[in-house]
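Participant: Sharing a structure with you now.
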Amino acid sequence: MRKGFRVVPIFLLMGFLASTALAGEPTEAIQKTTDKIIAIVTDPALKGPAKSEEKAKLIRQAVDERFDWEEMSRRTLARHWQDRTDAQKKEFMVLFAELLEATYLDKVEGYSGEKVIYEGERSDGEYAVVAVKIVTQKETEIPVKYRMKKIKNEWRVYDISITGVSLINNYRKQFNSIITRSSFDSLMEKLEAKVKREE
Amino acid sequence: MKKFDLELAVGVFMILGIVCLGYLSIKLGKMEVLGGEGYEIQAVFSNSGGLKAGSSVVIAGVEVGRVKEVALEDYRARVVLHLPSHLKIQEDAIASVKTKGLIGEKYLEITPGGADKIIPPEGRIRDTQSPVDLEELISSYVFGKL
């Protein structure tokens, strides 16, 4: 009898721990943004080419809420970030965000009922990794990991890995090689050209 | 008298040989223990892809240190790196496991970051990238085609 009483709280505690480990604040944050974007993309009122501008704007807003462009830009430019003036940093942040938008927006808009499965998270103080699996209609699974940091009490994304390849690491290497080969200005020119082409 | 000279020469030769062997084994085997200056940091990977103790740690293609230990921790691979003390690794550096060539040996590459904060000795590289599994890529491609 007494033993049974002692076991119950332990189970309760374990259940509590398990639930916090599975869906903590970072996962909730990702889930909120994902649901929001899916709602925008599947909204019948926003269908058609006439509304595409408005749709893109709404998606951009939802993404901006969750992604920390400054942190991402700083991590992408890495060593070269400190050498830049404030104006250059700002200019780069805007361009980098535009580049990602131009590259990925049509992929988001091409949403066709993919399922998003939350596979848990690992947090360590102000940092967290949220693992997500995207299942396409052909049952292909794409593992995605969001790396997040708590900034001003809000969980913000600073890196995404898709099938194990980090976005920041990819651009960090490319930008580093462009800057060391030529200059920061030529990187900005290339970025501008690329953004224009994608649009 | 002549016999004594011969024995002496053989003895000296033997001792020289043993010294050489000792030097070689230290040089080859315990490089990092003798060059003990430096510090250790950790990186945790979801998959170490066959990284071994002794694998090289590389920044921009230059070998800067060695992997000291690879161990399982909470079903993930914890890799301990030994780096020279003059080398500073920023907090936002990214560690990734790479392969030399297509089927070559594995090594660990660090892409330096831009943060002001430096990882202290016994600290940990937070952002890691496991090796891309070719087999998985091919299979997802194959099944994706179905």
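Chain labels follow the order of the structure tokens: the first chain is A, the next B, and so on; residue numbering restarts at 1 in every chain, and ligands are counted from 1 in their shown order.
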Near chain B, meaning an atom within 7 Å, which residues of chain A appear when counting only C-alpha atoms? Write them as a PyMOL selection string.
Facilitator: chain A and resi 74-75+78-79+81+138+140+164-166+169
Participant: Just want the 7 Å neighbourhood of Val80 of chain B, counted on only C-alpha atoms, with same-chain residues fewer than 6 positions away dropped. Output as a PDB file with N, CA and C atoms, in the first residue's frame.
Facilitator:
```
ATOM      1  N   GLU B  40      41.735  21.309 -24.369  1.00  0.00           N
ATOM      2  CA  GLU B  40      40.767  20.408 -24.965  1.00  0.00           C
ATOM      3  C   GLU B  40      39.392  21.038 -24.995  1.00  0.00           C
ATOM      4  N   ILE B  41      38.672  20.826 -26.084  1.00  0.00           N
ATOM      5  CA  ILE B  41      37.265  21.198 -26.117  1.00  0.00           C
ATOM      6  C   ILE B  41      36.470  20.029 -26.676  1.00  0.00           C
ATOM      7  N   GLN B  42      35.161  20.095 -26.468  1.00  0.00           N
ATOM      8  CA  GLN B  42      34.312  18.988 -26.887  1.00  0.00           C
ATOM      9  C   GLN B  42      33.365  19.424 -27.987  1.00  0.00           C
ATOM     10  N   ALA B  43      32.869  18.432 -28.699  1.00  0.00           N
ATOM     11  CA  ALA B  43      31.791  18.690 -29.653  1.00  0.00           C
ATOM     12  C   ALA B  43      30.937  17.440 -29.668  1.00  0.00           C
ATOM     13  N   VAL B  67      41.968  14.696 -32.808  1.00  0.00           N
ATOM     14  CA  VAL B  67      40.873  14.182 -31.994  1.00  0.00           C
ATOM     15  C   VAL B  67      41.492  13.324 -30.906  1.00  0.00           C
ATOM     16  N   LYS B  68      41.129  13.608 -29.657  1.00  0.00           N
ATOM     17  CA  LYS B  68      41.747  12.866 -28.568  1.00  0.00           C
ATOM     18  C   LYS B  68      40.904  11.663 -28.177  1.00  0.00           C
ATOM     19  N   GLU B  69      39.589  11.822 -28.277  1.00  0.00           N
ATOM     20  CA  GLU B  69      38.733  10.754 -27.797  1.00  0.00           C
ATOM     21  C   GLU B  69      37.364  10.849 -28.466  1.00  0.00           C
ATOM     22  N   VAL B  70      36.806   9.690 -28.767  1.00  0.00           N
ATOM     23  CA  VAL B  70      35.429   9.660 -29.259  1.00  0.00           C
ATOM     24  C   VAL B  70      34.676   8.702 -28.364  1.00  0.00           C
TER      25      VAL B  70
END
```
Participant: Between atom CA of Lys145 of chain A and atom CA of Glu91 of chain B, what is the distance, to one decimal in Å?
Facilitator: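 Distance reported for this atom pair: 19.2 Å.
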Participant: Write out as a PyMOL selection string the residues lying within 9 Å of Thr27 of chain A, counting only C-alpha atoms and excluding same-chain residues fewer than 5 positions away.
Facilitator: chain A and resi 22+32+118+120-121+129-131
Participant: From the options B:Ile103, B:Val44, B:Leu87, B:Ile118, which residue's atoms come nearest to Tyr75 of chain B, counting only C-alpha atoms?
Facilitator: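 Among the listed residues, the smallest separation from Tyr75 of chain B belongs to B:Val44.
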Participant: Quick check, in Å to one decimal: how far apart do atom CA of Glu91 of chain A and atom CA of Ile89 of chain B lie?
Facilitator: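 Those two atoms sit 27.2 Å apart.
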Participant: Could you tell me which of B:Pro84, B:Gly11, B:Gly17, B:Gly101 comes closest to Tyr39 of chain B if we count only C-alpha atoms?
Facilitator: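 The answer is B:Pro84, which sits nearest to Tyr39 of chain B.
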Participant: Atom CA of Met93 of chain A and atom CA of Glu70 of chain A, how far apart in Å?
Facilitator: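 We find that atom CA of Glu70 of chain A and atom CA of Met93 of chain A lie 6.3 Å from each other.
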Participant: Within 8 Å of Val58 of chain B, counting only C-alpha atoms, which residues qualify if same-chain residues fewer than 5 places away don't, as a list of chain:residue names?
Facilitator: B:Glu63, B:Val64, B:Gly65, B:Tyr107, B:Leu108, B:Glu109, B:Ile110
Participant: Hey, can you spit out that residue selection with N, CA and C atoms as a compact mmCIF listing (two decimals), in the first residue's frame?
Facilitator:
```txt
# COMPACT_ATOMS: atom_id res chain seq x y z
N GLU B 63 45.99 21.49 -40.79
CA GLU B 63 45.81 20.66 -39.61
C GLU B 63 46.25 21.43 -38.37
N VAL B 64 45.33 21.61 -37.43
CA VAL B 64 45.66 22.40 -36.24
C VAL B 64 45.65 21.56 -34.97
N GLY B 65 45.07 20.38 -35.01
CA GLY B 65 45.02 19.58 -33.79
C GLY B 65 44.57 18.17 -34.10
N TYR B 107 37.87 13.34 -41.09
CA TYR B 107 38.52 14.34 -40.27
C TYR B 107 37.50 15.36 -39.81
N LEU B 108 37.92 16.20 -38.88
CA LEU B 108 36.99 17.16 -38.31
C LEU B 108 37.36 18.57 -38.75
N GLU B 109 36.42 19.25 -39.35
CA GLU B 109 36.71 20.59 -39.83
C GLU B 109 36.00 21.62 -38.96
N ILE B 110 36.72 22.67 -38.59
CA ILE B 110 36.11 23.75 -37.84
C ILE B 110 36.02 24.97 -38.75
```
Participant: Just the residues within 10 Å of segment 185-194 of chain A, please, counting only C-alpha atoms, with nothing from its chain fewer than 4 positions along; format it as a compact mmCIF listing (two decimals) with N, CA and C atoms, in the first residue's frame.
Facilitator:
```
# COMPACT_ATOMS: atom_id res chain seq x y z
N GLN A 88 27.23 48.98 -43.18
CA GLN A 88 27.47 47.78 -43.99
C GLN A 88 26.74 46.57 -43.40
N GLU A 91 23.10 46.81 -44.21
CA GLU A 91 22.89 46.55 -45.62
C GLU A 91 22.97 45.05 -45.90
N PHE A 92 23.97 44.42 -45.28
CA PHE A 92 24.15 42.98 -45.48
C PHE A 92 22.95 42.21 -44.94
N LEU A 95 20.08 42.38 -47.30
CA LEU A 95 20.33 41.60 -48.52
C LEU A 95 20.27 40.10 -48.24
N PHE A 96 20.85 39.71 -47.13
CA PHE A 96 20.90 38.28 -46.79
C PHE A 96 19.48 37.74 -46.58
N GLU A 98 16.84 38.98 -47.90
CA GLU A 98 16.21 38.95 -49.22
C GLU A 98 16.65 37.73 -50.03
N LEU A 99 17.94 37.40 -49.89
CA LEU A 99 18.47 36.25 -50.62
C LEU A 99 17.75 34.97 -50.18
N ALA A 102 14.23 35.01 -51.42
CA ALA A 102 14.13 34.74 -52.86
C ALA A 102 14.37 33.27 -53.15
N THR A 103 15.28 32.65 -52.35
CA THR A 103 15.62 31.25 -52.61
C THR A 103 14.52 30.31 -52.12
N GLN A 174 30.96 29.92 -48.33
CA GLN A 174 30.89 30.60 -49.63
C GLN A 174 31.30 32.06 -49.50
N PHE A 175 30.71 32.76 -48.51
CA PHE A 175 30.98 34.18 -48.35
C PHE A 175 32.44 34.41 -47.97
N ASN A 176 32.95 33.53 -47.10
CA ASN A 176 34.34 33.68 -46.69
C ASN A 176 35.26 33.57 -47.90
N SER A 177 34.97 32.62 -48.78
CA SER A 177 35.88 32.45 -49.92
C SER A 177 35.75 33.63 -50.88
N ILE A 178 34.54 34.18 -51.02
CA ILE A 178 34.39 35.35 -51.90
C ILE A 178 35.12 36.56 -51.31
N ILE A 179 34.95 36.77 -49.99
CA ILE A 179 35.58 37.94 -49.37
C ILE A 179 37.10 37.82 -49.38
N ARG A 181 38.90 36.10 -51.52
CA ARG A 181 39.39 36.15 -52.89
C ARG A 181 39.34 37.57 -53.44
N GLU A 198 16.70 36.03 -58.92
CA GLU A 198 15.68 35.14 -58.34
C GLU A 198 14.29 35.76 -58.39
N GLU A 199 14.27 37.09 -58.31
CA GLU A 199 12.97 37.75 -58.32
C GLU A 199 12.40 37.67 -59.72
```
Participant: Restricting the calculation to only C-alpha atoms: of B:Leu24, B:Ile138, B:Val19, B:Val57, which residue gets closest to Leu81 of chain B?
Facilitator: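 Looking at the shortest contact to Leu81 of chain B, the residue is B:Val57.
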Participant: As a list in words, please: every residue in segment 48-124 of chain A that a backbone DSSP assignment puts in strand (DSSP E).
Facilitator: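 Here are the strand (DSSP E) residues of segment 48-124 of chain A: Lys115, Val116, Ile117, Tyr118, Glu119, Gly120, Glu121, Arg122, Ser123 and Asp124 of chain A.
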Participant: I need the chosen residues saved as a PDB file, in the first residue's frame, with N, CA and C atoms.
Facilitator:
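Final output, saved to out-v6.pdb:
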```pdb
ATOM      1  N   LYS A 115       3.394  16.889 -44.186  1.00  0.00           N
ATOM      2  CA  LYS A 115       3.148  16.829 -42.743  1.00  0.00           C
ATOM      3  C   LYS A 115       4.411  17.237 -41.998  1.00  0.00           C
ATOM      4  N   VAL A 116       4.219  17.909 -40.886  1.00  0.00           N
ATOM      5  CA  VAL A 116       5.355  18.297 -40.057  1.00  0.00           C
ATOM      6  C   VAL A 116       5.252  17.550 -38.734  1.00  0.00           C
ATOM      7  N   ILE A 117       6.283  16.768 -38.435  1.00  0.00           N
ATOM      8  CA  ILE A 117       6.263  15.985 -37.203  1.00  0.00           C
ATOM      9  C   ILE A 117       7.345  16.513 -36.269  1.00  0.00           C
ATOM     10  N   TYR A 118       6.964  16.823 -35.048  1.00  0.00           N
ATOM     11  CA  TYR A 118       7.935  17.363 -34.086  1.00  0.00           C
ATOM     12  C   TYR A 118       8.580  16.216 -33.339  1.00  0.00           C
ATOM     13  N   GLU A 119       9.886  16.135 -33.451  1.00  0.00           N
ATOM     14  CA  GLU A 119      10.578  14.964 -32.923  1.00  0.00           C
ATOM     15  C   GLU A 119      11.306  15.211 -31.633  1.00  0.00           C
ATOM     16  N   GLY A 120      11.096  16.365 -31.048  1.00  0.00           N
ATOM     17  CA  GLY A 120      11.714  16.622 -29.760  1.00  0.00           C
ATOM     18  C   GLY A 120      12.759  17.706 -29.845  1.00  0.00           C
ATOM     19  N   GLU A 121      13.271  18.069 -28.700  1.00  0.00           N
ATOM     20  CA  GLU A 121      14.225  19.168 -28.658  1.00  0.00           C
ATOM     21  C   GLU A 121      15.282  18.881 -27.602  1.00  0.00           C
ATOM     22  N   ARG A 122      16.377  19.612 -27.713  1.00  0.00           N
ATOM     23  CA  ARG A 122      17.402  19.576 -26.692  1.00  0.00           C
ATOM     24  C   ARG A 122      17.702  21.001 -26.341  1.00  0.00           C
ATOM     25  N   SER A 123      17.605  21.347 -25.070  1.00  0.00           N
ATOM     26  CA  SER A 123      17.967  22.714 -24.749  1.00  0.00           C
ATOM     27  C   SER A 123      19.086  22.730 -23.724  1.00  0.00           C
ATOM     28  N   ASP A 124      19.834  23.802 -23.770  1.00  0.00           N
ATOM     29  CA  ASP A 124      21.009  23.922 -22.932  1.00  0.00           C
ATOM     30  C   ASP A 124      21.119  25.408 -22.597  1.00  0.00           C
TER      31      ASP A 124
END
```
Participant: Counting only C-alpha atoms, figure out which residue out of B:Pro120, B:Ile59, B:Glu37, B:Asn47 gets nearest to Asp74 of chain B.
Facilitator: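 For Asp74 of chain B, the nearest of the candidates is B:Asn47.
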Participant: Name the closest residue to Lys152 of chain A among the candidates A:Tyr104, A:Val41, A:Asp68, A:Lys89; distances are taken between atoms, counting only C-alpha atoms.
Facilitator: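 Ranked by minimum distance to Lys152 of chain A, first place goes to A:Asp68.
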